[in-house]
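So the structure is just underneath, and the comments pick up after that.
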Amino acid sequence: MTQHFLCKQQDLTEDKARGFTIEKKSENLELLLVKKDGEIYAYKNHCPHLGITLNWQEDEFLSLEKTHIECSTHGATFNLDDGHCIAGPCTGQDLLPLNIELRDDEIWLQI
Ligand code: FES
């Protein structure tokens with residue numbers, strides 16, 4: 001298992017997501033962090049519909065109402081707290097959750 005520092009907890013705000021790229025030898029890992037009701041969730045930045053990244057602009061992952069993660073390509077809509085797709089072309093599928101560890105005020109990815 002490898003660990004990667006992502007950011008400090010105070011760098012995340014409610015109703016806002018942040019994207020990260022972890023450089024790996026074979027293929028970079030794109031992921032996002034999102035905070036809801038004080039909980040932090042991490043998902044691979046990979047839409048189950050076409051296997052492409054969810055966002056087209058940096059750190060823009062959420063629906064207009066900030067209640068869901070929304071794919072910018074065809075509008076698939078995912079729950080913030082479990083990554084389940086509730087609307088769009090991949091309804092019923094899920095974003096891939098990633099393991100994070102909170103160490104004091106730091107967020108670390110474990111892969
Ligand atoms: S690529 Fe995400 S909804 Fe089509």
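Ligands are numbered from 1 in the order shown, chains are lettered A, B, ... in the order of the structure tokens, and residues start at 1 in each chain.
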Quiz item: So which residues touch Gly92 of chain A within 12 Å, counting only C-alpha atoms, skipping near sequence neighbours fewer than 5 positions away, as a PyMOL selection string?
Solution: chain A and resi 48-49+76-79+82-87
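Neighbours of Lys36 of chain A closer than or equal to 10 Å, with only C-alpha atoms counted and sequence neighbours fewer than 5 positions away skipped, come out as Thr13, Glu14, Asp15, Lys16, Ala17, Tyr41, Lys66, Thr67, Leu80 and Asp81 of chain A.
Restricting the atom set to only C-alpha atoms and all ligand atoms, one finds that the residues within 7 Å of ligand 1 amount to A:Cys47, A:Pro48, A:His49, A:Leu50, A:Gly51, A:Ile52, A:Leu54, A:Cys71, A:Ser72, A:Thr73, A:His74, A:Gly75, A:Ala76, A:Gly88, A:Pro89, A:Cys90.
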Quiz item: Just asking: which residues within chain A are strand (DSSP E) according to DSSP, as a ChimeraX atom specification?
Solution: /A:3-8,17-22,29-36,39-44,68-70,77-79,85-87,99-103,106-110
Residues just named, written with C-alpha atoms as an mmCIF file, in the first residue's frame:
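What ended up in part11.cif:
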```
data_model
loop_
_atom_site.group_PDB
_atom_site.id
_atom_site.type_symbol
_atom_site.label_atom_id
_atom_site.label_comp_id
_atom_site.auth_asym_id
_atom_site.auth_seq_id
_atom_site.Cartn_x
_atom_site.Cartn_y
_atom_site.Cartn_z
ATOM 1 C CA GLN A 3 0.090 6.701 0.901
ATOM 2 C CA HIS A 4 -0.202 10.124 -0.658
ATOM 3 C CA PHE A 5 -0.797 13.409 1.078
ATOM 4 C CA LEU A 6 -3.759 15.189 -0.559
ATOM 5 C CA CYS A 7 -4.486 18.349 1.408
ATOM 6 C CA LYS A 8 -5.389 19.700 4.808
ATOM 7 C CA ALA A 17 -15.174 19.342 -4.413
ATOM 8 C CA ARG A 18 -11.495 19.219 -5.247
ATOM 9 C CA GLY A 19 -9.708 17.171 -7.848
ATOM 10 C CA PHE A 20 -6.266 15.592 -7.479
ATOM 11 C CA THR A 21 -3.856 13.726 -9.709
ATOM 12 C CA ILE A 22 -1.575 11.084 -8.262
ATOM 13 C CA LEU A 29 -4.820 8.284 -10.778
ATOM 14 C CA GLU A 30 -7.411 11.059 -10.965
ATOM 15 C CA LEU A 31 -9.610 11.449 -7.918
ATOM 16 C CA LEU A 32 -11.856 13.882 -6.143
ATOM 17 C CA LEU A 33 -12.621 14.741 -2.562
ATOM 18 C CA VAL A 34 -15.964 16.103 -1.489
ATOM 19 C CA LYS A 35 -17.186 17.181 1.932
ATOM 20 C CA LYS A 36 -20.759 16.777 3.102
ATOM 21 C CA GLU A 39 -17.720 13.929 6.327
ATOM 22 C CA ILE A 40 -15.108 13.633 3.595
ATOM 23 C CA TYR A 41 -15.581 11.227 0.676
ATOM 24 C CA ALA A 42 -13.046 10.215 -1.960
ATOM 25 C CA TYR A 43 -13.858 8.779 -5.385
ATOM 26 C CA LYS A 44 -11.908 7.929 -8.460
ATOM 27 C CA HIS A 68 -24.739 15.722 -6.125
ATOM 28 C CA ILE A 69 -21.650 14.929 -8.154
ATOM 29 C CA GLU A 70 -22.504 15.455 -11.794
ATOM 30 C CA THR A 77 -25.814 12.311 -11.218
ATOM 31 C CA PHE A 78 -24.175 10.615 -8.222
ATOM 32 C CA ASN A 79 -24.882 10.777 -4.500
ATOM 33 C CA CYS A 85 -25.643 7.028 -9.758
ATOM 34 C CA ILE A 86 -29.295 8.012 -9.436
ATOM 35 C CA ALA A 87 -29.888 9.562 -12.867
ATOM 36 C CA ASN A 99 -9.629 4.936 1.015
ATOM 37 C CA ILE A 100 -8.529 8.037 2.820
ATOM 38 C CA GLU A 101 -7.100 8.468 6.282
ATOM 39 C CA LEU A 102 -7.452 11.595 8.392
ATOM 40 C CA ARG A 103 -4.306 12.372 10.371
ATOM 41 C CA GLU A 106 -4.293 16.158 7.009
ATOM 42 C CA ILE A 107 -6.025 13.952 4.434
ATOM 43 C CA TRP A 108 -4.019 11.026 3.066
ATOM 44 C CA LEU A 109 -4.944 8.694 0.247
ATOM 45 C CA GLN A 110 -4.210 4.998 0.694
#
```
Quiz item: Between atom CA of Lys25 of chain A and atom CA of Pro97 of chain A, what is the distance, to one decimal in Å?
Solution: 21.4 Å
Exercise. Can you work out the spacing between atom CA of Met1 of chain A and atom CA of Ile111 of chain A in Å, to one decimal?
Key: 5.4 Å
